[in-house]
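Pasting query35.cif here (mmCIF, C-alpha atoms):
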data_structure
loop_
_atom_site.label_atom_id
_atom_site.label_comp_id
_atom_site.auth_asym_id
_atom_site.auth_seq_id
_atom_site.Cartn_x
_atom_site.Cartn_y
_atom_site.Cartn_z
CA MET A 1 -15.77 -7.76 24.92
CA THR A 2 -16.40 -4.02 24.77
CA ILE A 3 -13.71 -3.43 22.17
CA TYR A 4 -15.24 -6.06 19.90
CA LEU A 5 -18.64 -4.33 20.20
CA LEU A 6 -17.01 -0.98 19.41
CA CYS A 7 -15.42 -2.63 16.39
CA PHE A 8 -18.86 -3.82 15.30
CA ALA A 9 -20.18 -0.27 15.81
CA LEU A 10 -17.48 0.98 13.44
CA PHE A 11 -18.59 -1.67 10.94
CA LEU A 12 -22.20 -0.45 11.32
CA VAL A 13 -21.04 3.11 10.55
CA GLY A 14 -19.79 1.77 7.22
CA VAL A 15 -23.04 -0.13 6.58
CA TYR A 16 -25.05 3.01 7.38
CA GLY A 17 -23.06 5.04 4.89
CA LEU A 18 -23.31 2.30 2.26
CA ILE A 19 -27.11 2.14 2.58
CA THR A 20 -28.09 5.78 2.98
CA LYS A 21 -25.61 7.80 0.91
CA ARG A 22 -26.23 8.53 -2.75
CA ASP A 23 -22.79 9.90 -3.66
CA LEU A 24 -20.52 7.27 -5.21
CA ILE A 25 -17.42 8.64 -3.47
CA LYS A 26 -19.12 8.42 -0.07
CA ILE A 27 -20.15 4.84 -0.84
CA ILE A 28 -16.53 3.96 -1.64
CA LEU A 29 -15.43 5.57 1.64
CA SER A 30 -18.09 3.56 3.51
CA ILE A 31 -16.77 0.33 1.99
CA GLY A 32 -13.33 1.39 3.18
CA ILE A 33 -14.61 1.96 6.73
CA MET A 34 -16.18 -1.51 6.73
CA GLY A 35 -12.87 -3.00 5.64
CA TYR A 36 -10.99 -1.14 8.38
CA ALA A 37 -13.46 -2.43 10.99
CA ALA A 38 -12.91 -6.02 9.84
CA ASN A 39 -9.13 -5.57 9.93
CA LEU A 40 -9.32 -4.03 13.40
CA LEU A 41 -11.37 -6.96 14.67
CA LEU A 42 -8.82 -9.47 13.36
CA ILE A 43 -5.96 -7.53 14.95
CA LEU A 44 -7.84 -7.38 18.27
CA PHE A 45 -8.31 -11.17 18.23
CA GLY A 46 -4.52 -11.55 18.31
CA TYR A 47 -3.97 -8.90 20.99
CA ARG A 48 -2.84 -9.93 24.46
CA THR A 49 -2.72 -7.45 27.32
CA GLY A 50 0.82 -6.80 28.52
CA ALA A 51 2.47 -8.79 25.74
CA ILE A 52 5.35 -7.57 23.58
CA TYR A 53 5.56 -7.29 19.80
CA PRO A 54 6.27 -10.59 18.03
CA ILE A 55 9.81 -9.85 16.92
CA LEU A 56 12.97 -11.61 18.04
CA THR A 57 15.07 -9.13 20.02
CA GLN A 58 18.37 -9.25 21.84
CA SER A 59 16.77 -9.26 25.30
CA THR A 60 17.17 -12.56 27.08
CA SER A 61 13.97 -12.53 29.14
CA VAL A 62 11.04 -14.58 27.83
CA GLN A 63 7.75 -12.70 27.69
CA PRO A 64 4.36 -13.46 26.13
CA MET A 65 4.04 -12.16 22.59
CA VAL A 66 1.13 -10.79 20.60
CA ASP A 67 -0.12 -13.33 18.05
CA PRO A 68 1.58 -12.47 14.72
CA LEU A 69 -0.69 -14.61 12.53
CA PRO A 70 -3.65 -12.15 12.37
CA GLN A 71 -1.18 -9.35 11.65
CA ALA A 72 0.21 -11.18 8.60
CA LEU A 73 -3.36 -11.97 7.53
CA VAL A 74 -4.44 -8.35 7.88
CA LEU A 75 -1.43 -7.18 5.88
CA THR A 76 -2.69 -9.28 2.97
CA SER A 77 -6.22 -8.04 3.59
CA ILE A 78 -5.05 -4.40 3.43
CA VAL A 79 -3.41 -5.03 0.06
CA ILE A 80 -6.56 -6.65 -1.33
CA GLU A 81 -8.64 -3.77 0.03
CA LEU A 82 -6.33 -1.35 -1.73
CA GLY A 83 -6.87 -3.20 -4.99
CA THR A 84 -10.65 -3.21 -4.64
CA THR A 85 -10.68 0.48 -3.73
CA ALA A 86 -8.59 1.34 -6.78
CA LEU A 87 -10.98 -0.69 -8.96
CA LEU A 88 -14.02 1.07 -7.44
CA VAL A 89 -12.46 4.49 -7.98
CA ALA A 90 -11.70 3.60 -11.59
CA PHE A 91 -15.34 2.52 -12.04
CA ALA A 92 -16.52 5.77 -10.46
CA VAL A 93 -14.35 7.82 -12.82
CA ARG A 94 -15.68 5.93 -15.84
CA LEU A 95 -19.27 6.42 -14.65
CA PHE A 96 -18.61 10.14 -14.17
CA GLN A 97 -17.24 10.36 -17.70
CA LYS A 98 -20.42 8.81 -19.10
CA TYR A 99 -23.11 10.31 -16.85
CA LYS A 100 -21.50 13.58 -15.59
CA THR A 101 -22.73 12.84 -12.06
CA PHE A 102 -21.86 10.80 -8.96
CA ASP A 103 -25.51 10.52 -7.84
CA ILE A 104 -26.47 6.85 -8.05
CA THR A 105 -30.18 7.64 -8.44
CA LYS A 106 -29.38 9.48 -11.70
CA ILE A 107 -27.14 6.69 -13.07
CA ARG A 108 -29.94 4.56 -14.50
CA ARG A 109 -30.15 4.33 -18.24
CA LEU A 110 -27.59 3.01 -20.68
CA ARG A 111 -25.60 5.76 -22.25
CA GLY A 112 -22.63 5.29 -24.52
CA MET B 1 10.96 23.64 -12.90
CA ASN B 2 9.31 26.97 -13.66
CA ASN B 3 6.04 25.46 -14.79
CA ARG B 4 2.79 26.88 -13.45
CA GLU B 5 1.36 23.44 -12.80
CA GLY B 6 1.19 22.01 -9.29
CA MET B 7 1.28 23.76 -5.95
CA THR B 8 3.02 26.92 -4.72
CA LEU B 9 6.76 27.61 -4.59
CA ILE B 10 6.96 26.76 -0.87
CA VAL B 11 5.55 23.28 -1.38
CA LYS B 12 7.79 22.70 -4.40
CA THR B 13 10.96 23.73 -2.54
CA VAL B 14 10.18 21.61 0.51
CA THR B 15 9.29 18.63 -1.70
CA ARG B 16 12.55 18.99 -3.65
CA LEU B 17 14.45 18.62 -0.38
CA THR B 18 12.35 15.97 1.36
CA VAL B 19 11.67 13.51 -1.45
CA TRP B 20 15.20 12.07 -1.25
CA ILE B 21 14.97 11.75 2.54
CA ILE B 22 11.66 9.92 2.24
CA LEU B 23 13.11 7.59 -0.40
CA LEU B 24 16.11 6.88 1.84
CA TYR B 25 13.79 6.13 4.77
CA GLY B 26 11.80 3.75 2.59
CA PHE B 27 14.94 1.84 1.60
CA TYR B 28 16.00 1.79 5.27
CA ILE B 29 12.68 0.21 6.25
CA ILE B 30 13.02 -2.36 3.45
CA MET B 31 16.63 -3.31 4.23
CA HIS B 32 15.93 -3.68 7.97
CA GLY B 33 12.79 -5.74 7.36
CA HIS B 34 14.23 -8.86 8.98
CA LEU B 35 15.39 -7.00 12.11
CA THR B 36 12.84 -4.34 12.98
CA PRO B 37 9.12 -3.74 12.38
CA GLY B 38 8.39 -2.95 8.76
CA GLY B 39 9.64 -4.79 5.72
CA GLY B 40 8.90 -4.98 2.05
CA PHE B 41 5.31 -3.81 2.10
CA ALA B 42 5.71 -0.92 4.55
CA GLY B 43 8.90 0.33 2.92
CA GLY B 44 7.38 0.02 -0.52
CA VAL B 45 4.43 2.14 0.52
CA ILE B 46 6.87 4.80 1.79
CA LEU B 47 8.73 4.75 -1.55
CA ALA B 48 5.46 5.13 -3.45
CA LEU B 49 4.40 8.02 -1.21
CA ALA B 50 7.68 9.82 -1.93
CA LEU B 51 6.97 9.63 -5.67
CA LEU B 52 3.33 10.64 -5.12
CA ASN B 53 4.57 13.62 -3.12
CA VAL B 54 6.38 14.81 -6.24
CA MET B 55 3.25 14.23 -8.30
CA LEU B 56 1.11 16.29 -5.91
CA ALA B 57 3.59 19.15 -5.66
CA PHE B 58 4.81 19.44 -9.26
CA GLY B 59 1.84 18.11 -11.17
CA HIS B 60 1.14 15.13 -13.38
CA LYS B 61 2.97 16.36 -16.47
CA PHE B 62 6.27 17.21 -14.77
CA THR B 63 6.39 13.83 -13.01
CA GLY B 64 5.88 12.08 -16.34
CA GLU B 65 8.92 13.89 -17.71
CA TRP B 66 11.02 13.45 -14.55
CA LEU B 67 10.39 9.73 -14.17
CA ASN B 68 10.52 7.22 -16.97
CA ILE B 69 7.09 5.67 -16.47
CA HIS B 70 7.74 2.82 -18.89
CA SER B 71 10.84 1.72 -16.99
CA LEU B 72 8.83 1.82 -13.75
CA GLU B 73 6.32 -0.55 -15.36
CA HIS B 74 9.21 -2.81 -16.37
CA ILE B 75 10.58 -2.77 -12.80
CA GLU B 76 7.13 -3.71 -11.50
CA ALA B 77 6.85 -6.66 -13.87
CA ALA B 78 10.45 -7.75 -13.35
CA SER B 79 10.18 -7.79 -9.56
CA ALA B 80 7.48 -10.46 -9.66
CA LEU B 81 9.72 -12.52 -11.96
CA LEU B 82 12.69 -12.03 -9.62
CA PHE B 83 10.66 -13.32 -6.68
CA LEU B 84 9.80 -16.42 -8.73
CA ILE B 85 13.44 -16.89 -9.76
CA ILE B 86 14.64 -16.69 -6.15
CA GLY B 87 12.00 -19.27 -5.23
CA ILE B 88 12.97 -21.63 -8.05
CA ILE B 89 16.69 -21.38 -7.16
CA GLY B 90 15.56 -22.75 -3.79
CA ILE B 91 14.04 -25.78 -5.54
CA PHE B 92 17.30 -26.56 -7.33
CA SER B 93 19.55 -26.02 -4.32
CA GLY B 94 17.57 -27.38 -1.42
CA GLY B 95 14.53 -29.27 -2.62
CA SER B 96 11.60 -26.97 -1.87
CA PHE B 97 10.26 -23.63 -3.08
CA LEU B 98 11.73 -20.47 -1.46
CA ILE B 99 14.14 -22.45 0.70
CA ASN B 100 17.06 -20.49 2.09
CA PHE B 101 20.17 -21.05 -0.05
CA LEU B 102 22.33 -18.23 1.32
CA SER B 103 24.35 -18.05 4.51
CA HIS B 104 22.35 -17.28 7.64
CA GLY B 105 24.98 -14.86 8.92
CA LYS B 106 25.14 -13.66 12.48
CA LEU B 107 21.91 -12.98 14.35
CA PHE B 108 20.81 -9.30 14.49
CA HIS B 109 23.28 -8.24 11.80
CA ILE B 110 22.09 -6.53 8.63
CA LEU B 111 23.57 -9.20 6.35
CA SER B 112 21.75 -12.13 7.91
CA ALA B 113 18.58 -14.17 7.45
CA GLY B 114 19.61 -15.55 4.04
CA THR B 115 17.27 -14.70 1.20
CA ILE B 116 14.76 -12.73 3.28
CA PRO B 117 16.38 -9.28 2.68
CA LEU B 118 16.48 -10.03 -1.07
CA LEU B 119 12.80 -11.00 -1.07
CA ASN B 120 11.98 -7.91 1.00
CA LEU B 121 13.72 -5.71 -1.56
CA VAL B 122 11.86 -7.34 -4.44
CA ILE B 123 8.50 -7.03 -2.65
CA GLY B 124 9.26 -3.42 -1.76
CA LEU B 125 9.97 -2.49 -5.38
CA LYS B 126 6.83 -4.30 -6.53
CA VAL B 127 4.61 -2.58 -3.96
CA ALA B 128 6.15 0.84 -4.59
CA MET B 129 5.81 0.69 -8.36
CA SER B 130 2.32 -0.79 -8.44
CA LEU B 131 0.96 1.62 -5.81
CA PHE B 132 2.50 4.61 -7.58
CA LEU B 133 1.31 3.51 -11.01
CA VAL B 134 -2.28 2.94 -9.83
CA VAL B 135 -2.55 6.51 -8.54
CA TRP B 136 -0.62 7.78 -11.58
CA VAL B 137 -3.10 6.20 -13.98
CA LEU B 138 -6.09 7.40 -11.97
CA ALA B 139 -4.69 10.95 -11.84
CA GLY B 140 -4.15 10.96 -15.60
CA LEU B 141 -7.77 10.23 -16.50
CA LYS B 142 -9.58 13.08 -18.18
CA ILE B 143 -12.58 14.25 -16.13
CA LEU B 144 -15.05 16.73 -17.60
CA LYS B 145 -17.15 19.02 -15.48
CA GLY B 146 -20.47 17.67 -14.21
CA ASP B 147 -22.99 18.19 -11.43
CA VAL B 148 -22.01 16.46 -8.20
CA ALA B 149 -24.78 14.92 -6.11
#
Mind converting the file's structure to structure tokens?
Amino acid sequence: MTIYLLCFALFLVGVYGLITKRDLIKIILSIGIMGYAANLLLILFGYRTGAIYPILTQSTSVQPMVDPLPQALVLTSIVIELGTTALLVAFAVRLFQKYKTFDITKIRRLRG
Amino acid sequence: MNNREGMTLIVKTVTRLTVWIILLYGFYIIMHGHLTPGGGFAGGVILALALLNVMLAFGHKFTGEWLNIHSLEHIEAASALLFLIIGIIGIFSGGSFLINFLSHGKLFHILSAGTIPLLNLVIGLKVAMSLFLVVWVLAGLKILKGDVA
């Protein structure tokens, strides 16, 4: 239970950065931290203490395995997170080209 | 290679030696995807990082001359089509999409698991090219000076 709460604390770190920071780059990093916390939680759901990795090996003994389904899910999630991060960075670069600043309180009026 | 762009001579020399080793390691991870941890995605990321290493050390302009960026885009587009073709061959040979139409081979050998190594290779190329091209495009954008918050 404690590790899940720590995972939630990591998520709250991302939420704190998303709410309080004014720099666009720091906001993108906060969104990344929130994504990592969600991925970590999914991986921890599939974790079993004392189990082996879910890969067929040449050893003959049968042991409990870690659940591979959340790992495959998180692999997809990481790829999607990469795509969203690249899109956010591209948006930030375009905004910097127009407004010459990363401060979101100064990005207000239309400028072309 | 005597351009002033990029990092210092030490970084350039080390990168010139290590980029091939990193590429080889990426292909090793891809080709052993059905036997060991790793696979198409992890190996593709390693391939992309090898190319990005060159971009960081030698600069954007040199990498554009060293690599043929247009052919990398074609590889990226073609790998998605190859995945689809391998899947459709499964329909014609076995009855369902992505069914295994090759020999299973012996267990724990490198030429085993049917079409999975082929699909791993295709996915690895796709991931490597798309990840490299995203950072390449972002690094090529012109940014003027401004005041940072």
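The residue that comes closest to Val135 of chain B, out of B:Ile91, B:Leu49, B:Ile29, B:Ile86 and on the basis of all atoms listed in the file, is B:Leu49.
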| task | On this file, the PyMOL selection byres ((chain A) within 12 of (chain B)) gives some set of residues; write that set as a PyMOL selection string. | result | chain A and resi 21-26+53-59+68+71-72+75-76+78-79+82-107
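Here atom CA of Val19 of chain B stands at a distance of 10.5 Å from atom CA of Ile46 of chain B.
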| message | So that I can see what lies close to Trp20 of chain B, please list as a PyMOL selection string the residues with an atom at most 12 Å from it, counting all atoms listed in the file and leaving out residues fewer than 2 positions away in the same chain. | response | chain B and resi 14-18+22-27+46-47+49-51+53-54
Keeping C-alpha atoms for every residue in the selection just given, could you write it to a file as a compact mmCIF listing (two decimals), in the frame of the given file?
# COMPACT_ATOMS: atom_id res chain seq x y z
CA VAL B 14 10.18 21.61 0.51
CA THR B 15 9.29 18.63 -1.70
CA ARG B 16 12.55 18.99 -3.65
CA LEU B 17 14.45 18.62 -0.38
CA THR B 18 12.35 15.97 1.36
CA ILE B 22 11.66 9.92 2.24
CA LEU B 23 13.11 7.59 -0.40
CA LEU B 24 16.11 6.88 1.84
CA TYR B 25 13.79 6.13 4.77
CA GLY B 26 11.80 3.75 2.59
CA PHE B 27 14.94 1.84 1.60
CA ILE B 46 6.87 4.80 1.79
CA LEU B 47 8.73 4.75 -1.55
CA LEU B 49 4.40 8.02 -1.21
CA ALA B 50 7.68 9.82 -1.93
CA LEU B 51 6.97 9.63 -5.67
CA ASN B 53 4.57 13.62 -3.12
CA VAL B 54 6.38 14.81 -6.24
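Between Cys7 of chain A and the candidates A:Ile31, A:Leu40, A:Val74, A:Val66, the tightest atom-to-atom separation, counting all atoms listed in the file, involves A:Leu40.
Coordinates place atom CA of Gly32 of chain A at a distance of 27.9 Å from atom CA of Leu72 of chain B.
Distance annotation: of A:Ile52, A:Ile19, A:Leu29, A:Met1, the residue with the minimal separation from Met65 of chain A is A:Ile52; atom set is all atoms listed in the file.
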Could N, CA and C atoms be built for segment 56-90 of chain B and written out as a short mmCIF file (atom, residue, chain, number, x, y, z; two decimals), keeping the file's coordinate frame?
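Everything below was put into selection.cif:
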data_model
loop_
_atom_site.label_atom_id
_atom_site.label_comp_id
_atom_site.auth_asym_id
_atom_site.auth_seq_id
_atom_site.Cartn_x
_atom_site.Cartn_y
_atom_site.Cartn_z
N LEU B 56 2.04 15.30 -6.46
CA LEU B 56 1.11 16.29 -5.91
C LEU B 56 1.70 17.69 -5.98
N ALA B 57 3.00 17.82 -5.74
CA ALA B 57 3.59 19.15 -5.66
C ALA B 57 3.85 19.73 -7.04
N PHE B 58 4.38 18.92 -7.96
CA PHE B 58 4.81 19.44 -9.26
C PHE B 58 3.83 19.17 -10.39
N GLY B 59 2.81 18.35 -10.13
CA GLY B 59 1.84 18.11 -11.17
C GLY B 59 2.12 16.83 -11.95
N HIS B 60 1.10 16.41 -12.68
CA HIS B 60 1.14 15.13 -13.38
C HIS B 60 2.15 15.15 -14.53
N LYS B 61 2.17 16.29 -15.24
CA LYS B 61 2.97 16.36 -16.47
C LYS B 61 4.46 16.35 -16.16
N PHE B 62 4.86 17.14 -15.13
CA PHE B 62 6.27 17.21 -14.77
C PHE B 62 6.78 15.86 -14.30
N THR B 63 5.96 15.13 -13.52
CA THR B 63 6.39 13.83 -13.01
C THR B 63 6.58 12.84 -14.16
N GLY B 64 5.71 12.95 -15.19
CA GLY B 64 5.88 12.08 -16.34
C GLY B 64 7.17 12.33 -17.09
N GLU B 65 7.65 13.61 -17.05
CA GLU B 65 8.92 13.89 -17.71
C GLU B 65 10.10 13.55 -16.81
N TRP B 66 9.91 13.71 -15.48
CA TRP B 66 11.02 13.45 -14.55
C TRP B 66 11.30 11.96 -14.43
N LEU B 67 10.23 11.17 -14.28
CA LEU B 67 10.39 9.73 -14.17
C LEU B 67 10.13 9.10 -15.52
N ASN B 68 10.80 7.98 -15.76
CA ASN B 68 10.52 7.22 -16.97
C ASN B 68 9.45 6.18 -16.62
N ILE B 69 8.19 6.49 -16.94
CA ILE B 69 7.09 5.67 -16.47
C ILE B 69 7.18 4.25 -17.03
N HIS B 70 7.65 4.15 -18.29
CA HIS B 70 7.74 2.82 -18.89
C HIS B 70 8.74 1.94 -18.15
N SER B 71 9.86 2.54 -17.72
CA SER B 71 10.84 1.72 -16.99
C SER B 71 10.30 1.34 -15.62
N LEU B 72 9.46 2.20 -15.02
CA LEU B 72 8.83 1.82 -13.75
C LEU B 72 7.91 0.62 -13.94
N GLU B 73 7.17 0.61 -15.07
CA GLU B 73 6.32 -0.55 -15.36
C GLU B 73 7.17 -1.80 -15.53
N HIS B 74 8.34 -1.64 -16.18
CA HIS B 74 9.21 -2.81 -16.37
C HIS B 74 9.75 -3.30 -15.04
N ILE B 75 10.09 -2.36 -14.13
CA ILE B 75 10.58 -2.77 -12.80
C ILE B 75 9.48 -3.54 -12.08
N GLU B 76 8.23 -3.05 -12.20
CA GLU B 76 7.13 -3.71 -11.50
C GLU B 76 6.95 -5.14 -12.00
N ALA B 77 7.02 -5.31 -13.33
CA ALA B 77 6.85 -6.66 -13.87
C ALA B 77 8.04 -7.54 -13.54
N ALA B 78 9.25 -6.95 -13.57
CA ALA B 78 10.45 -7.75 -13.35
C ALA B 78 10.57 -8.20 -11.90
N SER B 79 10.02 -7.41 -10.96
CA SER B 79 10.18 -7.79 -9.56
C SER B 79 9.40 -9.05 -9.24
N ALA B 80 8.22 -9.22 -9.86
CA ALA B 80 7.48 -10.46 -9.66
C ALA B 80 8.27 -11.65 -10.20
N LEU B 81 8.91 -11.44 -11.37
CA LEU B 81 9.72 -12.52 -11.96
C LEU B 81 10.92 -12.84 -11.08
N LEU B 82 11.53 -11.80 -10.49
CA LEU B 82 12.69 -12.03 -9.62
C LEU B 82 12.31 -12.85 -8.40
N PHE B 83 11.13 -12.54 -7.84
CA PHE B 83 10.66 -13.32 -6.68
C PHE B 83 10.53 -14.80 -7.07
N LEU B 84 9.96 -15.04 -8.25
CA LEU B 84 9.80 -16.42 -8.73
C LEU B 84 11.15 -17.08 -8.94
N ILE B 85 12.11 -16.32 -9.49
CA ILE B 85 13.44 -16.89 -9.76
C ILE B 85 14.12 -17.27 -8.45
N ILE B 86 14.03 -16.38 -7.44
CA ILE B 86 14.64 -16.69 -6.15
C ILE B 86 14.00 -17.94 -5.55
N GLY B 87 12.67 -18.07 -5.73
CA GLY B 87 12.00 -19.27 -5.23
C GLY B 87 12.45 -20.52 -5.94
N ILE B 88 12.62 -20.43 -7.27
CA ILE B 88 12.97 -21.63 -8.05
C ILE B 88 14.42 -22.02 -7.81
N ILE B 89 15.31 -21.04 -7.55
CA ILE B 89 16.69 -21.38 -7.16
C ILE B 89 16.66 -22.23 -5.89
N GLY B 90 15.72 -21.93 -5.00
CA GLY B 90 15.56 -22.75 -3.79
C GLY B 90 15.22 -24.19 -4.12
#
